[in-house]
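Scroll down for the structure; my scribbles are underneath it.
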Amino acid sequence: RMRHREEAGGHLDQALNAMLLLAYVAAEQGDAVGFHAFGGVRRWYPPAKGGAVVRQLITHTYDIEATLEAADYMEAARELLPLQRRRALIVLITNSRDEDSEDLLGAVRLLARRHLVVVADLREAVIDRCLESPVGDLDSALRFHGLSDYLAARGRNHEQLRHQGALVMDLLARQLPVALVNQYFTVKSSGRL
């Protein structure tokens with residue numbers, strides 16, 4: 001689903017750009033920054049501090065492309081736990097669907113035992129545009145109700161993630177960079193880490 005493309009680019013490209021911005025801001029604040037990719041391309045860059053960390057992240061991520069392989073959230077969480085033993089802010093950027101909910105919920109439950117987890121769940125801009133369109137015939141009414149049901153299920157899944165202790169962000173990909181940085185500063189000022 002990270003292959004989805006919009007006017008501003010693909011979800012994966014936007015997620016990587018937002019991650020690099022967040023890494024830059026966190027490194028400037030003196031925090032260590034790492035990276036873990038899964039769901040096709042697998043990459044691990046252990047947390048590091050300093051001005052060179054963003055350049056190293058670019059070197060380790062510039063060639064990542066979205067694949068057709070489905071994300072296995074539980075496998076990713078199991079891979080990450082032994083790699084990241086110290087309590088950390090884990091930012092999981094995804095584009096989930098209802099069929100992912102149990103796997104994503106289990107992964108968040110596992111990660112939240114040790115870490116503070118942020119789930120940034122991207123949604124397609126076309127959903128918002130369709131919901132804003134006038135309902136004038138049967139097809140548009142069915143589309144409106146189908147999307148409403150989809151968003152209601154998404155909201156229930158997000159509530160379950162919050163119940164497990166995750167900070168959940170439901171947003172468009174273009175909103176991600178600013179939202180992630182703001183979330184980082186909110187967490188940092190809260191003293192939760």
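We name chains A, B, ... following the order of the structure tokens; residues begin at 1 in each chain, and ligands are numbered from 1 as shown.
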
> Neighbours of stretch 86-94 of chain A within 7 Å (only C-alpha atoms; same-chain residues fewer than 3 positions away dropped), as a VMD selection string?
Replying inline: chain A and resid 15 114 to 122 193

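With only C-alpha atoms taken into account, the protein and nucleic acid residues at most 8 Å from A:Val108 (excluding it and anything under 4 positions from it in its own chain) are Ala77, Leu104, Ala112, Val117, Leu161, Gln164 and Ala166 of chain A.
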
Got time to write the residues from that selection, N, CA and C atoms, as a PDB file, in the first residue's frame?
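So part-v7.pdb came out as:
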```
ATOM      1  N   ALA A  77       8.126  -6.475  14.478  1.00  0.00           N
ATOM      2  CA  ALA A  77       8.272  -6.188  15.906  1.00  0.00           C
ATOM      3  C   ALA A  77       9.238  -7.176  16.555  1.00  0.00           C
ATOM      4  N   LEU A 104      -1.240  -5.784  13.291  1.00  0.00           N
ATOM      5  CA  LEU A 104      -0.726  -4.489  13.744  1.00  0.00           C
ATOM      6  C   LEU A 104      -0.940  -4.317  15.240  1.00  0.00           C
ATOM      7  N   ALA A 112       5.037  -2.058  22.715  1.00  0.00           N
ATOM      8  CA  ALA A 112       4.683  -1.130  23.793  1.00  0.00           C
ATOM      9  C   ALA A 112       5.074  -1.643  25.176  1.00  0.00           C
ATOM     10  N   VAL A 117       5.232   3.846  21.359  1.00  0.00           N
ATOM     11  CA  VAL A 117       4.976   3.594  19.948  1.00  0.00           C
ATOM     12  C   VAL A 117       4.051   4.666  19.377  1.00  0.00           C
ATOM     13  N   LEU A 161      -5.558   0.387  19.044  1.00  0.00           N
ATOM     14  CA  LEU A 161      -4.126   0.688  19.144  1.00  0.00           C
ATOM     15  C   LEU A 161      -3.857   1.655  20.290  1.00  0.00           C
ATOM     16  N   GLN A 164      -3.765   0.021  23.569  1.00  0.00           N
ATOM     17  CA  GLN A 164      -2.497  -0.669  23.826  1.00  0.00           C
ATOM     18  C   GLN A 164      -1.377   0.311  24.163  1.00  0.00           C
ATOM     19  N   ALA A 166      -0.450   3.049  22.200  1.00  0.00           N
ATOM     20  CA  ALA A 166       0.145   3.730  21.043  1.00  0.00           C
ATOM     21  C   ALA A 166      -0.438   5.128  20.881  1.00  0.00           C
TER      22      ALA A 166
END
```

> If you run DSSP on the backbone, which residues of chain A are alpha helix (DSSP H), as a PyMOL selection string?
Replying inline: chain A and resi 11-28+53-61+73-83+101-111+125-132+138-163+176-190

Could you list, with a cut-off of 12 Å and counting only C-alpha atoms, the residues of stretch 127-187 of chain A near stretch 20-43 of chain A, each shown with its nearest atom pair and the distance in Å rounded to one decimal, rows sorted by chain and ascending number, as a tab-separated table?
```
residue	atom	partner	partner_atom	distance
A:Leu176	CA	A:Leu22	CA	10.0
A:Pro177	CA	A:Leu21	CA	6.7
A:Val178	CA	A:Leu22	CA	8.8
A:Ala179	CA	A:Leu22	CA	9.7
A:Leu180	CA	A:Leu22	CA	6.7
A:Val181	CA	A:Leu22	CA	5.6
A:Asn182	CA	A:Leu22	CA	9.4
A:Gln183	CA	A:Leu22	CA	9.8
A:Tyr184	CA	A:Leu22	CA	7.9
A:Phe185	CA	A:Ala26	CA	9.0
A:Val187	CA	A:Ala26	CA	11.6
```

Given the selection you just returned, output its residues as a file containing C-alpha atoms, formatted as a PDB file, in the first residue's frame.
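Result saved to out_24.pdb:
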```
ATOM      1  CA  LEU A 176       3.180  13.535   7.765  1.00  0.00           C
ATOM      2  CA  PRO A 177       6.405  15.600   8.032  1.00  0.00           C
ATOM      3  CA  VAL A 178       4.975  18.375  10.200  1.00  0.00           C
ATOM      4  CA  ALA A 179       2.787  15.992  12.211  1.00  0.00           C
ATOM      5  CA  LEU A 180       5.722  13.687  13.036  1.00  0.00           C
ATOM      6  CA  VAL A 181       7.934  16.546  14.162  1.00  0.00           C
ATOM      7  CA  ASN A 182       5.113  17.980  16.294  1.00  0.00           C
ATOM      8  CA  GLN A 183       4.449  14.551  17.817  1.00  0.00           C
ATOM      9  CA  TYR A 184       8.163  14.152  18.581  1.00  0.00           C
ATOM     10  CA  PHE A 185       8.255  17.498  20.403  1.00  0.00           C
ATOM     11  CA  VAL A 187       6.569  13.335  23.454  1.00  0.00           C
TER      12      VAL A 187
END
```

>> Run DSSP on the backbone and tell me which residues of stretch 98-175 of chain A come out as strand (DSSP E or B); list them as a PyMOL selection string.
In response: chain A and resi 116-123+167-172

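Relative to atom CA of A:His158, atom CA of A:Ala76 is found at 19.1 Å.
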
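Taking atom CA of A:Ile127 and atom CA of A:Asp139 as the two end points, the separation is 15.0 Å.
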
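The space between atom CA of A:Arg85 and atom CA of A:Asn157 spans 27.3 Å.
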
I want to know what sits within 12 Å of A:Tyr62, based on only C-alpha atoms, with residues of the same chain fewer than 5 positions away left out; could you give that as a JSON list (two decimals) with C-alpha atoms, in the first residue's frame?
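Output file around.json follows:
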```
[["chain", "number", "residue", "atom", "x", "y", "z"],
["A", 12, "LEU", "CA", 6.80, 5.46, 0.51],
["A", 13, "ASP", "CA", 8.72, 8.47, -0.80],
["A", 16, "LEU", "CA", 11.00, 8.38, 3.82],
["A", 17, "ASN", "CA", 11.20, 12.17, 3.46],
["A", 20, "LEU", "CA", 14.57, 12.04, 7.32],
["A", 41, "VAL", "CA", 12.99, -4.42, 1.58],
["A", 43, "ARG", "CA", 17.01, -2.60, 6.39],
["A", 54, "VAL", "CA", 21.05, 11.96, 8.57],
["A", 55, "ARG", "CA", 23.65, 11.51, 5.83],
["A", 56, "GLN", "CA", 24.06, 7.86, 6.89],
["A", 57, "LEU", "CA", 20.29, 7.36, 6.84]]
```

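With only C-alpha atoms as the atoms that count, the residue of A:Asp170, A:Gln84, A:Glu79, A:Asp72 with the shortest distance to A:Pro47 is A:Gln84.
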